[in-house]
Amino acid sequence: MYSTKDNLQILFEDNHLVIVNKRVGDIVQGDKTGDKPLSEVVKEYIAEKYNKPGKVFLGVVHRLDRPTSGIVIFAKTSKALERLNKMLREKTIKKTYWAVVKNSPSKDSDTLIHYLKKNPKNNKSTAFPKETKDSKRAVLHYKIINKSDNYTLLEIDLETGRHHQIRSQLAKIGCPIKGDLKYGFNRSNKNGGIHLHARKIEFTHPVKKEIISFIAPVPQDIVWEVLTN
């Protein structure tokens, strides 16, 4: 499954940026699967909308894991890309995620600090309580927003941006994300995705210099519906 320009959900667009609500299953950038990435779909959309005959510039500012959904920023100019990359490095882009987990955390809100070590062979990160060789410090803050009979909805603010950070840290405290077989959930979701959604993003516009923020609607799904209504 991949997006086409007809089912792109664009949250914002101007001369400098395109902000998209990524669907579960879409890849942001091309990879070894050879599947058509979201970046190419957005390029096609721009070429058609603005009748651009030549090559369309589109910078990928950040990525989201394939099984997750939510906000992705693309830059339409090299100047915007350069400035957004700088903001990412300086951690001034504020990202908020929603995750549906089984097993409620013991605290209603908390800060999780672990040391993550990535294994490239199985594309998985392991969270350790203390620093170990080649590990990177990972910090997130969560709070419980809602609960149903089977699941809990968490809001998560990332302080660091590590590989599979939210997935591995939540699994470490015994709260794997719904559908995330890789990190200990007991069964997959029908669409092959996981219930992790990049819900909100806030940052300073790279050219206009004003603070902007966007919220991405959650995927249409009964579990999201129950927990977010």
# chains A, B, ... in the order shown; residues from 1 in each chain; ligands from 1

$ residues_around --residues "A:Ile144" --least-positions-apart "2" --cutoff "8 Å" --atoms "only C-alpha atoms" --output "ChimeraX atom specification"
/A:108-109,142,146-147,152-155

$ write_last_selection --atoms "N, CA and C atoms" --output "PDB file, in the first residue's frame"
ATOM      1  N   ASP A 108       0.606   7.913  36.018  1.00  0.00           N
ATOM      2  CA  ASP A 108      -0.206   8.637  35.029  1.00  0.00           C
ATOM      3  C   ASP A 108       0.640   9.487  34.093  1.00  0.00           C
ATOM      4  N   SER A 109       1.780   9.957  34.598  1.00  0.00           N
ATOM      5  CA  SER A 109       2.726  10.692  33.746  1.00  0.00           C
ATOM      6  C   SER A 109       4.125  10.456  34.302  1.00  0.00           C
ATOM      7  N   TYR A 142       5.786  11.162  29.029  1.00  0.00           N
ATOM      8  CA  TYR A 142       4.463  10.699  28.609  1.00  0.00           C
ATOM      9  C   TYR A 142       3.416  11.082  29.644  1.00  0.00           C
ATOM     10  N   ASN A 146      -6.276   8.695  27.981  1.00  0.00           N
ATOM     11  CA  ASN A 146      -7.548   7.976  28.060  1.00  0.00           C
ATOM     12  C   ASN A 146      -7.286   6.481  28.194  1.00  0.00           C
ATOM     13  N   LYS A 147      -8.308   5.771  28.653  1.00  0.00           N
ATOM     14  CA  LYS A 147      -8.217   4.309  28.776  1.00  0.00           C
ATOM     15  C   LYS A 147      -9.513   3.677  28.288  1.00  0.00           C
ATOM     16  N   THR A 152      -4.630   1.705  26.509  1.00  0.00           N
ATOM     17  CA  THR A 152      -4.397   3.029  27.096  1.00  0.00           C
ATOM     18  C   THR A 152      -3.821   3.936  26.025  1.00  0.00           C
ATOM     19  N   LEU A 153      -4.311   5.178  25.978  1.00  0.00           N
ATOM     20  CA  LEU A 153      -3.793   6.164  25.041  1.00  0.00           C
ATOM     21  C   LEU A 153      -2.820   7.083  25.767  1.00  0.00           C
ATOM     22  N   LEU A 154      -1.595   7.149  25.253  1.00  0.00           N
ATOM     23  CA  LEU A 154      -0.552   8.002  25.835  1.00  0.00           C
ATOM     24  C   LEU A 154      -0.229   9.156  24.901  1.00  0.00           C
ATOM     25  N   GLU A 155       0.063  10.308  25.496  1.00  0.00           N
ATOM     26  CA  GLU A 155       0.637  11.423  24.745  1.00  0.00           C
ATOM     27  C   GLU A 155       2.108  11.492  25.104  1.00  0.00           C
TER      28      GLU A 155
END

$ residues_around --residues "A:Trp224" --least-positions-apart "5" --cutoff "9 Å" --atoms "only C-alpha atoms" --output "JSON, numbers by chain"
{"A": [100, 153, 195, 218, 219, 229]}

$ write_last_selection --atoms "C-alpha atoms" --output "CSV table (one decimal), in the first residue's frame"
chain,number,residue,atom,x,y,z
A,100,VAL,CA,-2.1,3.1,22.0
A,153,LEU,CA,-3.8,6.2,25.0
A,195,HIS,CA,-0.8,2.5,16.8
A,218,VAL,CA,-5.6,10.0,13.6
A,219,PRO,CA,-6.2,7.1,11.2
A,229,ASN,CA,-13.7,10.6,21.3

$ select_by_dssp --residues "stretch 1-228 of chain A" --states "strand (DSSP E)" --output "PyMOL selection string"
chain A and resi 10-13+17-22+59-60+69-75+94-101+109-119+124-128+136-147+152-158+196-204+211-215

$ atom_distance --atom1 "atom CA of A:Gly161" --atom2 "atom CA of A:Ala138"
7.4 Å

$ closest_residue --among "A:Arg66, A:Arg199, A:Lys182, A:Lys121" --to "A:Asp31" --atoms "only C-alpha atoms"
A:Arg66

$ residues_around --residues "stretch 201-211 of chain A" --least-positions-apart "2" --cutoff "9 Å" --atoms "only C-alpha atoms" --output "ChimeraX atom specification"
/A:16-17,71,79-84,87,92-97,198-199,213-216

$ residues_around --residues "A:Gly54" --least-positions-apart "4" --cutoff "12 Å" --atoms "only C-alpha atoms" --output "count of residues only"
6

$ atom_distance --atom1 "atom CA of A:Val226" --atom2 "atom CA of A:Pro176"
18.8 Å

$ closest_residue --among "A:Asn103, A:Lys190, A:Thr160, A:Asn122" --to "A:Leu88" --atoms "only C-alpha atoms"
A:Thr160

$ residues_around --residues "A:Lys36" --least-positions-apart "3" --cutoff "8 Å" --atoms "only C-alpha atoms" --output "number ranges by chain"
A: 2, 27, 30, 40-41

$ decode --residues "stretch 80-108 of chain A" --atoms "N, CA and C atoms" --output "compact mmCIF listing (two decimals), in the first residue's frame"
# COMPACT_ATOMS: atom_id res chain seq x y z
N ALA A 80 14.86 26.59 2.98
CA ALA A 80 13.98 26.08 4.03
C ALA A 80 14.53 24.77 4.61
N LEU A 81 15.04 23.90 3.74
CA LEU A 81 15.59 22.61 4.19
C LEU A 81 16.78 22.83 5.13
N GLU A 82 17.66 23.72 4.74
CA GLU A 82 18.85 24.01 5.55
C GLU A 82 18.45 24.52 6.94
N ARG A 83 17.50 25.44 6.97
CA ARG A 83 17.08 26.02 8.26
C ARG A 83 16.33 24.99 9.13
N LEU A 84 15.51 24.17 8.49
CA LEU A 84 14.78 23.13 9.26
C LEU A 84 15.74 22.07 9.80
N ASN A 85 16.74 21.72 9.00
CA ASN A 85 17.75 20.76 9.48
C ASN A 85 18.49 21.31 10.70
N LYS A 86 18.76 22.60 10.68
CA LYS A 86 19.42 23.26 11.81
C LYS A 86 18.51 23.19 13.05
N MET A 87 17.22 23.45 12.85
CA MET A 87 16.26 23.36 13.97
C MET A 87 16.22 21.95 14.55
N LEU A 88 16.27 20.95 13.67
CA LEU A 88 16.27 19.55 14.15
C LEU A 88 17.50 19.29 15.00
N ARG A 89 18.65 19.73 14.51
CA ARG A 89 19.90 19.53 15.26
C ARG A 89 19.84 20.24 16.61
N GLU A 90 19.25 21.42 16.62
CA GLU A 90 19.18 22.20 17.87
C GLU A 90 17.96 21.85 18.72
N LYS A 91 17.18 20.87 18.23
CA LYS A 91 16.00 20.35 18.97
C LYS A 91 14.97 21.45 19.26
N THR A 92 14.74 22.31 18.29
CA THR A 92 13.74 23.36 18.49
C THR A 92 12.42 23.05 17.76
N ILE A 93 12.37 21.88 17.11
CA ILE A 93 11.09 21.43 16.52
C ILE A 93 10.43 20.53 17.56
N LYS A 94 9.28 20.93 18.05
CA LYS A 94 8.59 20.19 19.12
C LYS A 94 7.62 19.19 18.51
N LYS A 95 7.85 17.91 18.81
CA LYS A 95 7.01 16.85 18.26
C LYS A 95 6.23 16.16 19.38
N THR A 96 4.96 15.96 19.16
CA THR A 96 4.12 15.24 20.12
C THR A 96 3.49 14.04 19.42
N TYR A 97 3.58 12.89 20.07
CA TYR A 97 3.05 11.66 19.50
C TYR A 97 1.91 11.12 20.36
N TRP A 98 1.05 10.33 19.73
CA TRP A 98 0.05 9.54 20.46
C TRP A 98 0.37 8.07 20.23
N ALA A 99 0.25 7.28 21.28
CA ALA A 99 0.48 5.84 21.18
C ALA A 99 -0.60 5.10 21.95
N VAL A 100 -1.11 4.03 21.34
CA VAL A 100 -2.06 3.14 22.02
C VAL A 100 -1.27 1.93 22.50
N VAL A 101 -1.30 1.69 23.79
CA VAL A 101 -0.50 0.60 24.37
C VAL A 101 -1.40 -0.35 25.16
N LYS A 102 -0.91 -1.58 25.33
CA LYS A 102 -1.60 -2.45 26.27
C LYS A 102 -0.85 -2.31 27.60
N ASN A 103 -1.48 -2.67 28.67
CA ASN A 103 -0.89 -2.52 30.02
C ASN A 103 -0.63 -1.05 30.33
N SER A 104 -1.46 -0.49 31.16
CA SER A 104 -1.27 0.91 31.54
C SER A 104 0.04 1.10 32.30
N PRO A 105 0.77 2.17 32.05
CA PRO A 105 1.96 2.43 32.86
C PRO A 105 1.57 2.61 34.33
N SER A 106 2.50 2.37 35.22
CA SER A 106 2.20 2.45 36.66
C SER A 106 1.93 3.89 37.11
N LYS A 107 2.49 4.86 36.38
CA LYS A 107 2.26 6.27 36.72
C LYS A 107 1.43 6.94 35.62
N ASP A 108 0.61 7.91 36.02
CA ASP A 108 -0.21 8.64 35.03
C ASP A 108 0.64 9.49 34.09
